$ cat protein.tsv   # TSV, C-alpha atoms
chain	number	residue	atom	x	y	z
J	1	MET	CA	89.08	97.82	119.91
J	2	ARG	CA	90.93	97.40	123.20
J	3	ALA	CA	93.23	94.75	121.76
J	4	CYS	CA	94.66	96.96	119.02
J	5	GLY	CA	93.73	100.52	120.08
J	6	PHE	CA	91.41	101.24	117.16
J	7	GLY	CA	88.17	100.08	115.64
J	8	LEU	CA	84.92	101.22	114.12
J	9	TYR	CA	83.53	104.46	115.53
J	10	ALA	CA	79.82	105.28	115.85
J	11	VAL	CA	78.58	108.07	113.58
J	12	GLU	CA	75.64	110.27	114.44
J	13	GLU	CA	74.00	113.28	112.85
J	14	LYS	CA	75.00	116.45	114.68
J	15	ALA	CA	71.54	118.00	114.50
J	16	ASN	CA	69.57	115.23	116.18
J	17	LYS	CA	72.23	112.84	117.56
J	18	GLU	CA	70.69	109.99	115.56
J	19	PHE	CA	72.98	107.00	115.02
J	20	ILE	CA	73.57	106.60	111.27
J	21	GLY	CA	76.34	103.99	111.10
J	22	PHE	CA	80.04	103.58	111.67
J	23	ILE	CA	83.40	104.57	110.19
J	24	GLY	CA	86.83	103.44	111.25
J	25	PHE	CA	89.61	100.92	111.09
J	26	HIS	CA	89.92	97.17	110.99
J	27	LYS	CA	92.89	94.84	110.67
J	28	ALA	CA	92.28	92.78	107.53
J	29	THR	CA	93.85	89.36	107.86
J	30	PHE	CA	92.27	87.25	105.12
J	31	GLU	CA	94.76	85.68	102.72
J	32	ALA	CA	95.88	88.16	100.05
J	33	ASP	CA	99.13	89.68	98.81
J	34	PHE	CA	98.39	92.96	100.65
J	35	THR	CA	97.34	91.50	104.03
J	36	PRO	CA	97.63	91.80	106.91
J	37	CYS	CA	96.84	95.49	106.60
J	38	ILE	CA	94.93	98.33	108.20
J	39	GLU	CA	91.64	98.85	106.40
J	40	ILE	CA	89.45	101.93	106.61
J	41	GLY	CA	85.78	101.32	106.06
J	42	TRP	CA	82.31	102.70	106.58
J	43	ARG	CA	78.74	101.54	106.68
J	44	LEU	CA	75.96	104.09	106.90
J	45	LYS	CA	72.22	103.63	106.74
J	46	LYS	CA	70.72	104.34	103.35
J	47	GLU	CA	69.05	107.59	104.50
J	48	ALA	CA	72.52	109.01	105.22
J	49	TRP	CA	73.96	108.27	101.78
J	50	GLY	CA	74.94	111.13	99.48
J	51	LYS	CA	75.28	113.72	102.25
J	52	GLY	CA	79.07	113.64	102.58
J	53	TYR	CA	79.10	111.89	105.96
J	54	ALA	CA	81.26	108.98	104.80
J	55	THR	CA	83.78	111.30	103.15
J	56	GLU	CA	83.96	113.66	106.13
J	57	GLY	CA	84.22	110.86	108.67
J	58	ALA	CA	86.73	108.81	106.69
J	59	ALA	CA	88.97	111.86	106.14
J	60	ALA	CA	88.90	112.58	109.88
J	61	CYS	CA	89.68	108.94	110.67
J	62	LEU	CA	92.61	108.93	108.23
J	63	GLU	CA	94.10	112.00	109.85
J	64	TYR	CA	93.66	110.43	113.29
J	65	GLY	CA	95.15	107.14	112.10
J	66	PHE	CA	98.23	108.79	110.66
J	67	THR	CA	98.83	111.37	113.42
J	68	GLU	CA	97.67	109.59	116.57
J	69	LEU	CA	97.73	105.87	115.83
J	70	GLY	CA	100.99	105.88	113.88
J	71	PHE	CA	99.72	104.25	110.70
J	72	SER	CA	101.96	104.65	107.67
J	73	ASP	CA	99.67	102.94	105.15
J	74	VAL	CA	95.92	102.40	105.02
J	75	TYR	CA	93.95	100.31	102.54
J	76	SER	CA	90.30	100.12	101.59
J	77	PHE	CA	88.43	97.67	99.43
J	78	THR	CA	84.91	97.10	98.23
J	79	ALA	CA	82.99	95.20	95.62
J	80	VAL	CA	83.54	96.51	92.10
J	81	VAL	CA	79.82	97.33	91.86
J	82	ASN	CA	79.94	99.65	94.91
J	83	GLN	CA	80.49	102.95	93.10
J	84	PRO	CA	79.60	105.19	96.08
J	85	SER	CA	82.34	103.67	98.25
J	86	LYS	CA	84.86	103.92	95.42
J	87	ASN	CA	83.95	107.61	95.14
J	88	VAL	CA	84.61	108.11	98.87
J	89	MET	CA	87.98	106.39	98.54
J	90	ARG	CA	88.98	108.78	95.76
J	91	LYS	CA	87.66	111.85	97.60
J	92	ILE	CA	89.80	111.09	100.67
J	93	GLY	CA	92.93	110.82	98.53
J	94	MET	CA	93.23	107.08	98.11
J	95	GLU	CA	94.60	105.64	94.89
J	96	PHE	CA	93.32	102.62	93.01
J	97	ILE	CA	95.78	99.71	93.16
J	98	LYS	CA	94.04	96.75	91.52
J	99	THR	CA	91.04	94.46	91.33
J	100	PHE	CA	90.99	91.09	93.09
J	101	ASP	CA	88.66	88.28	94.04
J	102	HIS	CA	87.84	88.51	97.73
J	103	PRO	CA	88.59	85.09	99.25
J	104	LYS	CA	85.80	85.38	101.84
J	105	VAL	CA	83.02	85.98	99.29
J	106	GLN	CA	81.24	83.08	97.57
J	107	VAL	CA	82.49	82.26	94.09
J	108	ASN	CA	79.17	82.91	92.32
J	109	SER	CA	78.42	86.16	94.15
J	110	PRO	CA	78.28	89.44	92.21
J	111	LEU	CA	80.27	90.86	95.16
J	112	LYS	CA	83.24	88.49	94.66
J	113	ARG	CA	85.24	90.92	92.48
J	114	HIS	CA	86.72	93.76	94.56
J	115	VAL	CA	88.80	96.89	94.07
J	116	LEU	CA	91.74	97.77	96.31
J	117	PHE	CA	92.69	101.36	97.17
J	118	HIS	CA	95.66	102.63	99.21
J	119	ILE	CA	96.94	105.80	100.85
J	120	ASN	CA	100.28	106.54	102.49
J	121	LYS	CA	100.61	109.05	105.35
J	122	ASN	CA	102.96	111.18	103.23
J	123	VAL	CA	99.98	112.17	101.07
J	124	LEU	CA	98.51	114.17	103.96
J	125	GLU	CA	101.76	115.91	104.93
$ encode --input "protein.tsv" --output "structure tokens"
Amino acid sequence: MRACGFGLYAVEEKANKEFIGFIGFHKATFEADFTPCIEIGWRLKKEAWGKGYATEGAAACLEYGFTELGFSDVYSFTAVVNQPSKNVMRKIGMEFIKTFDHPKVQVNSPLKRHVLFHINKNVLE
């Protein structure tokens, strides 16, 4: 985080301060036609799913990234089978770009095929 000024931020429930996961930014550098890029991502424990935490946190991170960190474009990607994350991407205003095979995932894995979403800072203005 110190090297680039951003990273993944801890997420906790307000009511009990319990750590439930993280949301934030990462610089994706694997070989693809859209990298290097700034990626927004999230990982929450299963008990926190479906409560809007990922959407709320990702929307706040996007605003911070565009207004404070100076990002102009942010990407997000996940396995095609990960419908909940695709829903979050849509809810925070991201648009589907394409599907692709993630070069860091094993060839025979059901997680190999990914979707790519994108948002430009002008969407929030």
$ atom_distance --input "protein.tsv" --atom1 "CA of Phe22 in chain J" --atom2 "CA of Asn122 in chain J"
25.6 Å
$ closest_residue --input "protein.tsv" --among "J:Lys17, J:Lys121, J:His26, J:His114" --to "Gly41 in chain J" --atoms "only C-alpha atoms"
J:His26
$ closest_residue --input "protein.tsv" --among "J:Ala15, J:Val105, J:Ile97, J:Leu62" --to "Ile40 in chain J" --atoms "all atoms listed in the file"
J:Leu62
$ axis_aligned_box --input "protein.tsv" --around "range 111-116 of chain J" --padding-each-side "4 Å" --output "AutoDock Vina command-line options"
--center_x 86.0 --center_y 93.1 --center_z 94.4 --size_x 19.5 --size_y 17.3 --size_z 11.8
$ residues_around --input "protein.tsv" --residues "Met94 in chain J" --least-positions-apart "2" --cutoff "6 Å" --atoms "only C-alpha atoms" --output "PyMOL selection string"
chain J and resi 89-90+92+117-119
$ residues_around --input "protein.tsv" --residues "Glu56 in chain J" --least-positions-apart "4" --cutoff "12 Å" --atoms "only C-alpha atoms" --output "PDB file with C-alpha atoms, keeping the file's coordinate frame"
ATOM      1  CA  VAL J  11      78.580 108.070 113.580  1.00  0.00           C
ATOM      2  CA  ILE J  23      83.400 104.570 110.190  1.00  0.00           C
ATOM      3  CA  GLY J  24      86.830 103.440 111.250  1.00  0.00           C
ATOM      4  CA  TRP J  42      82.310 102.700 106.580  1.00  0.00           C
ATOM      5  CA  GLY J  50      74.940 111.130  99.480  1.00  0.00           C
ATOM      6  CA  LYS J  51      75.280 113.720 102.250  1.00  0.00           C
ATOM      7  CA  GLY J  52      79.070 113.640 102.580  1.00  0.00           C
ATOM      8  CA  ALA J  60      88.900 112.580 109.880  1.00  0.00           C
ATOM      9  CA  CYS J  61      89.680 108.940 110.670  1.00  0.00           C
ATOM     10  CA  LEU J  62      92.610 108.930 108.230  1.00  0.00           C
ATOM     11  CA  GLU J  63      94.100 112.000 109.850  1.00  0.00           C
ATOM     12  CA  VAL J  88      84.610 108.110  98.870  1.00  0.00           C
ATOM     13  CA  MET J  89      87.980 106.390  98.540  1.00  0.00           C
ATOM     14  CA  LYS J  91      87.660 111.850  97.600  1.00  0.00           C
ATOM     15  CA  ILE J  92      89.800 111.090 100.670  1.00  0.00           C
TER      16      ILE J  92
END
$ atom_distance --input "protein.tsv" --atom1 "CA of Tyr53 in chain J" --atom2 "CA of Tyr9 in chain J"
12.9 Å
$ atom_distance --input "protein.tsv" --atom1 "CA of Asp73 in chain J" --atom2 "CA of Val123 in chain J"
10.1 Å
$ closest_residue --input "protein.tsv" --among "J:Ala79, J:Val74, J:Phe66, J:Pro84" --to "Trp49 in chain J" --atoms "all atoms listed in the file"
J:Pro84
$ closest_residue --input "protein.tsv" --among "J:Lys112, J:Glu18, J:Phe25, J:Gln83" --to "Tyr64 in chain J" --atoms "all atoms listed in the file"
J:Phe25
$ closest_residue --input "protein.tsv" --among "J:Glu12, J:Arg43, J:Ala28, J:Gly7" --to "Asn82 in chain J" --atoms "all atoms listed in the file"
J:Arg43
$ closest_residue --input "protein.tsv" --among "J:Leu8, J:Glu95, J:Val81, J:Ala58" --to "Arg113 in chain J" --atoms "only C-alpha atoms"
J:Val81
$ residues_near_point --input "protein.tsv" --point "(88.7, 93.1, 91.6)" --cutoff "7 Å" --atoms "only C-alpha atoms" --output "MDAnalysis selection string"
chainID J and resid 80 98:101 113:115
$ decode --input "protein.tsv" --residues "range 25-58 of chain J" --atoms "N, CA and C atoms" --output "tab-separated table (two decimals), in the first residue's frame"
chain	number	residue	atom	x	y	z
J	25	PHE	N	-8.36	-1.51	-3.82
J	25	PHE	CA	-7.71	-1.44	-5.12
J	25	PHE	C	-6.43	-2.25	-5.18
J	26	HIS	N	-6.12	-2.66	-6.40
J	26	HIS	CA	-4.93	-3.44	-6.68
J	26	HIS	C	-4.48	-3.08	-8.09
J	27	LYS	N	-3.19	-3.08	-8.32
J	27	LYS	CA	-2.68	-2.84	-9.67
J	27	LYS	C	-2.50	-4.20	-10.34
J	28	ALA	N	-3.36	-4.49	-11.31
J	28	ALA	CA	-3.29	-5.76	-12.04
J	28	ALA	C	-2.22	-5.65	-13.12
J	29	THR	N	-1.29	-6.58	-13.10
J	29	THR	CA	-0.17	-6.52	-14.04
J	29	THR	C	0.03	-7.80	-14.85
J	30	PHE	N	-0.87	-8.77	-14.70
J	30	PHE	CA	-0.73	-9.97	-15.52
J	30	PHE	C	-0.89	-9.58	-16.99
J	31	GLU	N	-0.45	-10.45	-17.89
J	31	GLU	CA	-0.47	-10.12	-19.30
J	31	GLU	C	-1.87	-10.22	-19.89
J	32	ALA	N	-2.40	-9.07	-20.31
J	32	ALA	CA	-3.71	-8.99	-20.97
J	32	ALA	C	-3.76	-7.68	-21.74
J	33	ASP	N	-4.73	-7.55	-22.63
J	33	ASP	CA	-4.80	-6.32	-23.44
J	33	ASP	C	-5.31	-5.12	-22.65
J	34	PHE	N	-5.77	-5.30	-21.41
J	34	PHE	CA	-6.25	-4.18	-20.60
J	34	PHE	C	-5.34	-3.89	-19.41
J	35	THR	N	-4.24	-4.61	-19.28
J	35	THR	CA	-3.31	-4.38	-18.17
J	35	THR	C	-2.04	-3.70	-18.67
J	36	PRO	N	-1.35	-3.01	-17.78
J	36	PRO	CA	-1.64	-2.83	-16.37
J	36	PRO	C	-2.86	-1.92	-16.17
J	37	CYS	N	-3.58	-2.16	-15.08
J	37	CYS	CA	-4.76	-1.36	-14.78
J	37	CYS	C	-5.01	-1.34	-13.28
J	38	ILE	N	-5.86	-0.43	-12.86
J	38	ILE	CA	-6.31	-0.40	-11.47
J	38	ILE	C	-7.56	-1.26	-11.38
J	39	GLU	N	-7.51	-2.23	-10.49
J	39	GLU	CA	-8.64	-3.14	-10.28
J	39	GLU	C	-9.28	-2.84	-8.94
J	40	ILE	N	-10.60	-2.83	-8.89
J	40	ILE	CA	-11.31	-2.80	-7.63
J	40	ILE	C	-11.81	-4.20	-7.36
J	41	GLY	N	-11.67	-4.62	-6.10
J	41	GLY	CA	-12.11	-5.96	-5.76
J	41	GLY	C	-12.56	-6.04	-4.31
J	42	TRP	N	-13.12	-7.16	-3.97
J	42	TRP	CA	-13.65	-7.38	-2.62
J	42	TRP	C	-13.62	-8.86	-2.31
J	43	ARG	N	-13.49	-9.16	-1.04
J	43	ARG	CA	-13.60	-10.52	-0.56
J	43	ARG	C	-14.16	-10.43	0.86
J	44	LEU	N	-15.36	-10.92	1.01
J	44	LEU	CA	-16.03	-10.89	2.31
J	44	LEU	C	-16.34	-12.31	2.76
J	45	LYS	N	-16.36	-12.52	4.07
J	45	LYS	CA	-16.70	-13.85	4.55
J	45	LYS	C	-18.15	-14.16	4.21
J	46	LYS	N	-18.43	-15.43	4.06
J	46	LYS	CA	-19.73	-15.88	3.56
J	46	LYS	C	-20.90	-15.33	4.38
J	47	GLU	N	-20.74	-15.19	5.68
J	47	GLU	CA	-21.81	-14.69	6.54
J	47	GLU	C	-22.18	-13.24	6.22
J	48	ALA	N	-21.31	-12.53	5.52
J	48	ALA	CA	-21.56	-11.13	5.18
J	48	ALA	C	-22.17	-10.96	3.79
J	49	TRP	N	-22.28	-12.03	3.04
J	49	TRP	CA	-22.82	-11.96	1.69
J	49	TRP	C	-24.30	-11.57	1.72
J	50	GLY	N	-24.72	-10.86	0.69
J	50	GLY	CA	-26.14	-10.54	0.50
J	50	GLY	C	-26.67	-9.44	1.39
J	51	LYS	N	-25.79	-8.73	2.08
J	51	LYS	CA	-26.22	-7.66	2.98
J	51	LYS	C	-25.90	-6.27	2.45
J	52	GLY	N	-25.34	-6.20	1.25
J	52	GLY	CA	-25.03	-4.92	0.64
J	52	GLY	C	-23.68	-4.34	1.02
J	53	TYR	N	-22.90	-5.06	1.82
J	53	TYR	CA	-21.60	-4.53	2.26
J	53	TYR	C	-20.63	-4.33	1.09
J	54	ALA	N	-20.58	-5.30	0.19
J	54	ALA	CA	-19.66	-5.18	-0.94
J	54	ALA	C	-20.04	-4.00	-1.83
J	55	THR	N	-21.32	-3.85	-2.09
J	55	THR	CA	-21.79	-2.74	-2.93
J	55	THR	C	-21.50	-1.40	-2.26
J	56	GLU	N	-21.84	-1.26	-1.00
J	56	GLU	CA	-21.61	-0.01	-0.27
J	56	GLU	C	-20.13	0.33	-0.19
J	57	GLY	N	-19.32	-0.66	0.15
J	57	GLY	CA	-17.89	-0.43	0.27
J	57	GLY	C	-17.22	-0.15	-1.06
J	58	ALA	N	-17.60	-0.87	-2.09
J	58	ALA	CA	-17.00	-0.67	-3.41
J	58	ALA	C	-17.39	0.70	-3.97
